[in-house]
Structures are given as C-alpha cells and as structure tokens.
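Step one of this worksheet: look at the structure below.
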Amino acid sequence: MSHENSPFETLQRDMDGFMRASVLGALAELDVATQLLAAGNSLTAEELAEKTGCSLRGLECLLDALTGMGYFAKENGRYAVREEYAELLDSRSPQTRIPIMRHYTVLQRTWDRLSFAVRDGAPQKGRAGESFLGAEEDKVSFIMGMNSVAVGLLDGVLASMHTAGILPLQNNAAILDVGGASGTYSEAFLQCMPGAQATIFDLPHVIELAKKRFHGSPYADRVHYVPGDFYRDELPHGFDFVWVSAIIHQMNREESVCLYTKCFEAVQPGGVIAIRDFVMDAQRTSPCAGTLFGINMLVNKPHARVYSFAEIREDLEKAGFVNAVHAVRVPTMCSIVTARRPA
C-alpha cells in the first residue's frame with residue numbers, strides 16, 4: 001500500500017475536509033470572487049477588505065487559503081481568481097456555483113451537531129438557526145443552487161433516460177413536473193420532445209421563479225403552472241408522465257406512499273412515473289454518497305431518509321403502480337426508478 005493511500009492518510013484526508021469546505025463557503029457567502037472580478041480581477045487584501053466590509057486580518061487569511069487551494073493567484077500582494085474558476089465563482093455568471101456553495105454552507109451549520117443528532121435521532125438546533133445572509137436569501141440560494149446542480153447533471157440524466165428507454169415519450173405527451181422548481185427538467189423535456197406539454201407543480205413563490213425563467217422563451221406556450229404544496233394538496237390530473245426529481249429523500253415511508261398515491265391519481269391509465277434520487281443497495285450502505293446524504297437528512301429533517309429500490313418498489317405498489325424497475329443505476333442522486341399505472 002502506498003503512503004498516500006495508507007489508512008492514516010485516508011483518515012487525515014477525510015478529517016480535514018471540513019476546512020476546505022468552510023473556506024469555499026466563506027468565499028461564497030462573502031462573494032469575494034465576484035468583487036475581485038468586477039474590479040478587473042486584481043485587488044490587494046486592503047482594497048478588497050474595504051469593498052466587502054471585512055476585517056483585513058480575516059480576509060487576508062481567507063484569500064491566502066484560497067490561493068493555497070488553487071482557486072486564486074497572488075502576485076506582489078495582489079489577488080486574482082484563476083481563469084479556469086472565474087465563471088463558476090462569479091455570482092453574475094449563468095454558470096455560477098455560488099448559490100449551491102452557499103446552500104452547502106447553510107447545511108454545514110447543521111452538520112456540526114451530528115453527534116447530538118445521532119444520539120437523539122433528530123435534527124438539533126445548535127447553529128442551525130444562524131444565517132449569514134438571512135433566511136430569504138438562503139431560500140433563494142437553495143432554489144437556484146438546485147437549478148445549478150440540475151444544469152450540470154442534465155445532459156447525463158437525459159442521455160441515461162434515452163438509453164433506458166424512458167424517453168422519448170409518445171407525441172403530444174403531457175408531463176407533470178412535481179416540485180419542478182424553476183423548470184430545468186421541464187425545459188429539457190420540451191426541448192427534446194417538440195410535441196410535449198409540461199406542467200410545473202411547486203410552491204407559489206417557486207412558481208414565480210419558473211415564470212420568470214420561461215418569460216419570452218420559445219417554450220413559453222408549452223409550459224403551464226400549478227401552485228401548491230405536494231405534502232398537503234392534490235396534484236392536477238390527466239398526465240402521461242410524472243417526473244419526481246430529488247424529492248423522496250425528504251420523506252418518511254408514509255409520506256412517500258401519500259405522494260405516490262397522488263401521482264397515481266395524476267397519471268392516466270398506462271402512464272408512467274419516474275423517480276430520480278439516490279437508490280441504495282439492499283443493505284443501504286452503498287453508494288457512499290447516498291449514505292452521506294442520509295446523514296444530511298438526519299441533521300436537517302425529522303424522519304427523512306434515503307431508500308433502497310425494494311423500499312421504493314413496495315411503496316409504489318401500495319399506491320397502485322406496477323412494473324417498478326430500477327431503470328438507471330448510477331451511484332449518485334441520478335438513479336431513476338420507473339413504474340406504470342395499469343391500463
């Protein structure tokens with residue numbers, strides 16, 4: 001076994017990972033990369049401290065760490081964002097990762113109470129109530145962060161759905177995007193299936209973000225909006241395909257069956273439900289990313305969890321669906337399970 005792969009090195013790497021994540025979180029919440037780029041991508045620590053309102057000591061430590069990690073460069077006391085990271089770290093860029101980085105930083109404040117959560121089996125208050133940017137901005141970071149993740153995953157998800165035979169749907173298919181957020185997947189479905197119509201179902205304030213996205217879009221006349229809460233409200237009916245993306249990990253078994261039952265009523269006889277999420281093995285110990293996401297649910301939401309395929313299939317069958325298939329098998333949240341409402 002080589003030195004860098006020794007048990008000691010592996011343990012050390014995993015233990016100090018929080019340091020790097022914390023540095024990137026501070027970059028995102030303080031938006032220092034955007035400030036640098038907006039100023040021609042060349043500022044001293046003193047100049048940037050004045051722009052951000054940060055202490056010189058604190059900011060200089062952060063900038064040096066970002067330089068040491070390879071995200072920034074430093075020459076003659078002046079800092080710059082490295083070119084290969086500029087679009088990702090600029091909050092003004094369509095390719096920005098700043099919202100999801102901010103969301104992860106909010107999550108990190110709940111992870112620091114993990115021992116208490118494991119002991120009690122429930123989320124802990126601790127620092128979870130603290131917010132650097134404010135609750136409303138944290139909500140925006142979550143919604144736009146999920147969009148940035150979806151954009152990055154989109155091509156792979158669509159390709160896997162075509163390979164698995166889930167797509168394309170029949171001509172003029174009616175699609176329901178449950179919890180569809182700003183409409184990333186709805187837009188992709190409409191783009192690859194010119195005859196399809198999509199309906200986005202989500203909370204009212206999220207629907208407003210979707211409407212802004214599609215305003216003036218070539219797909220505007222093919223997308224529809226229904227505000228509501230899938231925990232409490234019924235879903236609209238009459239669809240050929242129901243898309244449930246990154247939702248079920250928020251729920252316990254009873255809530256999952258309730259959602260699947262609503263989806264069963266929403267889809268026409270012979271129609272299909274497709275669920276994108278982590279799908280764990282029979283022992284729920286693989287994939288590793290899924291086990292870590294299970295911890296994320298433990299520290300953030302009572303009773304939320306990740307599911308094995310057998311559990312998803314059982315809950316779908318309780319709702320009335322048949323022919324459940326683990327159609328796309330990947331070690332990420334892009335696994336997909338499909339099932340059908342009997343004709």
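A note on labels: chains of the structure tokens are A, B, ... as shown, every chain counts residues from 1, and ligands are counted from 1 in their shown order.
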Long-range neighbours of A:Lys125 as a list of chain:residue names, 12 Å cut-off, only C-alpha atoms, 4 positions minimum in chain:
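Close residues of A:Lys125: A:Arg109, A:Thr110, A:Trp111, A:Asp112, A:Arg113, A:Leu114, A:Phe116, A:Ala117, A:Gly129, A:Glu130, A:Val299, A:Asn300, A:Lys301.
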Those in stretch 21-168 of chain A with helix (DSSP H, G or I) from DSSP, as a ChimeraX atom specification:
/A:21-30,32-38,45-52,56-69,83-89,98-111,114-120,135-163
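Of the listed residues (A:Val149, A:Ala174, A:Val32, A:Val157), A:Val32 comes nearest to A:Ala49; the distances count only C-alpha atoms.
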Selection near A:Ile175, 6 Å with only C-alpha atoms, sequence-local residues under 2 positions removed, as a list of chain:residue names
A:Ala198, A:Phe239, A:Phe241, A:Val242
Save the residues we just selected, N, CA and C atoms, as a PDB file, in the first residue's frame?
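File produced: out.pdb:
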ATOM      1  N   ALA A 198     -45.673  20.605 -20.698  1.00  0.00           N
ATOM      2  CA  ALA A 198     -45.219  20.367 -19.327  1.00  0.00           C
ATOM      3  C   ALA A 198     -45.973  21.260 -18.355  1.00  0.00           C
ATOM      4  N   PHE A 239     -52.198  13.285 -16.865  1.00  0.00           N
ATOM      5  CA  PHE A 239     -50.858  13.306 -17.439  1.00  0.00           C
ATOM      6  C   PHE A 239     -50.417  11.916 -17.919  1.00  0.00           C
ATOM      7  N   PHE A 241     -46.993  11.289 -18.055  1.00  0.00           N
ATOM      8  CA  PHE A 241     -45.676  11.070 -17.441  1.00  0.00           C
ATOM      9  C   PHE A 241     -45.547  12.000 -16.254  1.00  0.00           C
ATOM     10  N   VAL A 242     -45.196  11.438 -15.099  1.00  0.00           N
ATOM     11  CA  VAL A 242     -44.993  12.234 -13.889  1.00  0.00           C
ATOM     12  C   VAL A 242     -43.528  12.117 -13.477  1.00  0.00           C
TER      13      VAL A 242
END
Contacts of stretch 248-250 of chain A within 9 Å, only C-alpha atoms, excl. fewer than 5 positions in-chain, as a PyMOL selection string:
chain A and resi 255-256+259+275-278+293-294+297+301-307
For the selection you just gave me, I'd like the residues written to a file as a short mmCIF file (atom, residue, chain, number, x, y, z; two decimals), in the first residue's frame, keeping N, CA, C and O atoms.
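Contents of result_24.cif, as written:
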data_model
loop_
_atom_site.label_atom_id
_atom_site.label_comp_id
_atom_site.auth_asym_id
_atom_site.auth_seq_id
_atom_site.Cartn_x
_atom_site.Cartn_y
_atom_site.Cartn_z
N GLU A 255 -45.20 9.27 4.11
CA GLU A 255 -45.28 10.43 3.22
C GLU A 255 -44.98 10.03 1.78
O GLU A 255 -45.60 10.58 0.85
N SER A 256 -44.05 9.11 1.59
CA SER A 256 -43.74 8.65 0.23
C SER A 256 -44.95 7.98 -0.40
O SER A 256 -45.29 8.25 -1.56
N LEU A 259 -47.43 10.58 -1.43
CA LEU A 259 -47.06 11.28 -2.67
C LEU A 259 -47.28 10.37 -3.88
O LEU A 259 -47.81 10.82 -4.90
N ILE A 275 -38.88 8.41 -10.94
CA ILE A 275 -38.37 8.98 -9.70
C ILE A 275 -36.86 9.05 -9.78
O ILE A 275 -36.19 8.03 -9.96
N ARG A 276 -36.32 10.26 -9.67
CA ARG A 276 -34.86 10.45 -9.65
C ARG A 276 -34.42 10.74 -8.23
O ARG A 276 -34.89 11.68 -7.59
N ASP A 277 -33.49 9.92 -7.73
CA ASP A 277 -32.98 10.13 -6.38
C ASP A 277 -31.84 9.14 -6.15
O ASP A 277 -31.53 8.34 -7.04
N PHE A 278 -31.25 9.18 -4.97
CA PHE A 278 -30.38 8.08 -4.58
C PHE A 278 -31.21 6.81 -4.48
O PHE A 278 -32.34 6.85 -3.95
N PHE A 293 -25.61 11.39 2.23
CA PHE A 293 -26.83 12.19 2.08
C PHE A 293 -27.86 11.79 3.13
O PHE A 293 -28.64 12.62 3.58
N GLY A 294 -27.85 10.51 3.51
CA GLY A 294 -28.71 10.08 4.60
C GLY A 294 -28.39 10.83 5.89
O GLY A 294 -29.29 11.21 6.66
N MET A 297 -29.92 14.24 5.75
CA MET A 297 -31.33 14.22 6.12
C MET A 297 -31.49 14.10 7.64
O MET A 297 -32.36 14.76 8.24
N LYS A 301 -33.81 17.13 8.71
CA LYS A 301 -35.27 16.93 8.62
C LYS A 301 -35.67 15.70 9.45
O LYS A 301 -35.11 14.62 9.26
N PRO A 302 -36.67 15.86 10.31
CA PRO A 302 -37.15 14.70 11.07
C PRO A 302 -37.70 13.62 10.12
O PRO A 302 -38.46 13.93 9.20
N HIS A 303 -37.28 12.39 10.33
CA HIS A 303 -37.82 11.22 9.63
C HIS A 303 -37.41 11.10 8.16
O HIS A 303 -37.75 10.11 7.51
N ALA A 304 -36.72 12.10 7.59
CA ALA A 304 -36.30 12.00 6.19
C ALA A 304 -35.17 10.98 6.07
O ALA A 304 -34.43 10.72 7.02
N ARG A 305 -34.99 10.39 4.86
CA ARG A 305 -34.04 9.29 4.71
C ARG A 305 -33.81 8.97 3.24
O ARG A 305 -34.49 9.51 2.37
N VAL A 306 -32.83 8.11 2.97
CA VAL A 306 -32.64 7.58 1.62
C VAL A 306 -33.24 6.18 1.57
O VAL A 306 -33.39 5.51 2.60
N TYR A 307 -33.56 5.72 0.35
CA TYR A 307 -34.34 4.48 0.17
C TYR A 307 -33.61 3.47 -0.71
O TYR A 307 -32.92 3.83 -1.66
#
As a PyMOL selection string, please: all residues of stretch 92-292 of chain A that backbone DSSP puts in strand (DSSP E).
chain A and resi 174-178+197-202+223-227+239-245+267-277+279-280
Which one of A:Asp221, A:Asp202, A:Asp315, A:Glu234 sits closest to A:Met251 if you count only C-alpha atoms?
A:Asp315
Residue contacts of A:Ala164 (10 Å, only C-alpha atoms) excluding same-chain residues fewer than 2 positions away, as JSON, numbers by chain:
{"A": [158, 159, 160, 161, 162, 166, 167, 326, 327, 328, 329, 336]}
Take the residues just selected and output them with all heavy atoms as an mmCIF file, in the first residue's frame.
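Dumped everything to selection05.cif:
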data_model
loop_
_atom_site.group_PDB
_atom_site.id
_atom_site.type_symbol
_atom_site.label_atom_id
_atom_site.label_comp_id
_atom_site.auth_asym_id
_atom_site.auth_seq_id
_atom_site.Cartn_x
_atom_site.Cartn_y
_atom_site.Cartn_z
ATOM 1 N N LEU A 158 -30.569 13.027 -19.079
ATOM 2 C CA LEU A 158 -31.358 12.814 -20.296
ATOM 3 C C LEU A 158 -30.796 11.664 -21.124
ATOM 4 O O LEU A 158 -31.552 10.829 -21.645
ATOM 5 C CB LEU A 158 -31.408 14.094 -21.122
ATOM 6 C CG LEU A 158 -32.223 15.243 -20.544
ATOM 7 C CD1 LEU A 158 -32.159 16.446 -21.455
ATOM 8 C CD2 LEU A 158 -33.672 14.843 -20.308
ATOM 9 N N ALA A 159 -29.463 11.603 -21.254
ATOM 10 C CA ALA A 159 -28.847 10.510 -22.013
ATOM 11 C C ALA A 159 -29.180 9.168 -21.383
ATOM 12 O O ALA A 159 -29.504 8.195 -22.093
ATOM 13 C CB ALA A 159 -27.334 10.712 -22.084
ATOM 14 N N SER A 160 -29.122 9.099 -20.054
ATOM 15 C CA SER A 160 -29.430 7.833 -19.382
ATOM 16 C C SER A 160 -30.897 7.457 -19.552
ATOM 17 O O SER A 160 -31.234 6.272 -19.668
ATOM 18 C CB SER A 160 -29.084 7.924 -17.894
ATOM 19 O OG SER A 160 -29.976 8.761 -17.182
ATOM 20 N N MET A 161 -31.783 8.439 -19.589
ATOM 21 C CA MET A 161 -33.211 8.161 -19.781
ATOM 22 C C MET A 161 -33.489 7.649 -21.184
ATOM 23 O O MET A 161 -34.334 6.771 -21.383
ATOM 24 C CB MET A 161 -34.039 9.413 -19.474
ATOM 25 C CG MET A 161 -33.999 9.822 -17.999
ATOM 26 S SD MET A 161 -34.898 11.352 -17.655
ATOM 27 C CE MET A 161 -36.604 10.761 -17.716
ATOM 28 N N HIS A 162 -32.765 8.174 -22.167
ATOM 29 C CA HIS A 162 -32.909 7.671 -23.541
ATOM 30 C C HIS A 162 -32.357 6.251 -23.645
ATOM 31 O O HIS A 162 -32.987 5.379 -24.260
ATOM 32 C CB HIS A 162 -32.204 8.603 -24.523
ATOM 33 C CG HIS A 162 -32.987 9.830 -24.873
ATOM 34 N ND1 HIS A 162 -34.011 9.827 -25.805
ATOM 35 C CD2 HIS A 162 -32.912 11.102 -24.417
ATOM 36 C CE1 HIS A 162 -34.528 11.037 -25.912
ATOM 37 N NE2 HIS A 162 -33.881 11.825 -25.079
ATOM 38 N N ILE A 166 -36.741 5.253 -21.298
ATOM 39 C CA ILE A 166 -37.769 6.068 -20.638
ATOM 40 C C ILE A 166 -38.217 7.187 -21.567
ATOM 41 O O ILE A 166 -39.398 7.535 -21.643
ATOM 42 C CB ILE A 166 -37.218 6.655 -19.330
ATOM 43 C CG1 ILE A 166 -36.734 5.545 -18.404
ATOM 44 C CG2 ILE A 166 -38.269 7.517 -18.635
ATOM 45 C CD1 ILE A 166 -35.951 6.054 -17.198
ATOM 46 N N LEU A 167 -37.265 7.757 -22.272
ATOM 47 C CA LEU A 167 -37.519 8.791 -23.278
ATOM 48 C C LEU A 167 -37.150 8.233 -24.647
ATOM 49 O O LEU A 167 -36.322 7.319 -24.747
ATOM 50 C CB LEU A 167 -36.690 10.046 -22.984
ATOM 51 C CG LEU A 167 -36.946 10.770 -21.675
ATOM 52 C CD1 LEU A 167 -35.995 11.966 -21.547
ATOM 53 C CD2 LEU A 167 -38.390 11.239 -21.555
ATOM 54 N N HIS A 326 -35.708 -0.496 -11.630
ATOM 55 C CA HIS A 326 -34.565 0.384 -11.381
ATOM 56 C C HIS A 326 -33.911 0.623 -12.731
ATOM 57 O O HIS A 326 -32.947 -0.030 -13.103
ATOM 58 C CB HIS A 326 -33.607 -0.277 -10.383
ATOM 59 C CG HIS A 326 -32.554 0.644 -9.869
ATOM 60 N ND1 HIS A 326 -31.649 0.273 -8.895
ATOM 61 C CD2 HIS A 326 -32.233 1.937 -10.184
ATOM 62 C CE1 HIS A 326 -30.832 1.279 -8.650
ATOM 63 N NE2 HIS A 326 -31.156 2.298 -9.412
ATOM 64 N N ALA A 327 -34.453 1.600 -13.454
ATOM 65 C CA ALA A 327 -34.132 1.759 -14.872
ATOM 66 C C ALA A 327 -32.750 2.349 -15.111
ATOM 67 O O ALA A 327 -32.087 2.009 -16.090
ATOM 68 C CB ALA A 327 -35.194 2.630 -15.543
ATOM 69 N N VAL A 328 -32.320 3.267 -14.250
ATOM 70 C CA VAL A 328 -30.997 3.881 -14.379
ATOM 71 C C VAL A 328 -30.262 3.646 -13.069
ATOM 72 O O VAL A 328 -30.683 4.135 -12.012
ATOM 73 C CB VAL A 328 -31.100 5.394 -14.673
ATOM 74 C CG1 VAL A 328 -29.712 6.031 -14.693
ATOM 75 C CG2 VAL A 328 -31.816 5.637 -15.996
ATOM 76 N N ARG A 329 -29.148 2.911 -13.142
ATOM 77 C CA ARG A 329 -28.378 2.547 -11.945
ATOM 78 C C ARG A 329 -27.050 3.303 -11.950
ATOM 79 O O ARG A 329 -26.149 2.963 -12.713
ATOM 80 C CB ARG A 329 -28.117 1.041 -11.923
ATOM 81 C CG ARG A 329 -29.377 0.189 -11.827
ATOM 82 C CD ARG A 329 -29.043 -1.289 -12.016
ATOM 83 N NE ARG A 329 -30.208 -2.134 -11.893
ATOM 84 C CZ ARG A 329 -30.555 -2.808 -10.796
ATOM 85 N NH1 ARG A 329 -29.765 -2.732 -9.723
ATOM 86 N NH2 ARG A 329 -31.632 -3.549 -10.767
ATOM 87 N N ILE A 336 -32.666 6.308 -11.367
ATOM 88 C CA ILE A 336 -34.068 6.531 -11.727
ATOM 89 C C ILE A 336 -34.840 5.219 -11.619
ATOM 90 O O ILE A 336 -34.415 4.182 -12.132
ATOM 91 C CB ILE A 336 -34.211 7.107 -13.146
ATOM 92 C CG1 ILE A 336 -33.507 8.455 -13.249
ATOM 93 C CG2 ILE A 336 -35.678 7.234 -13.549
ATOM 94 C CD1 ILE A 336 -33.463 9.053 -14.650
#
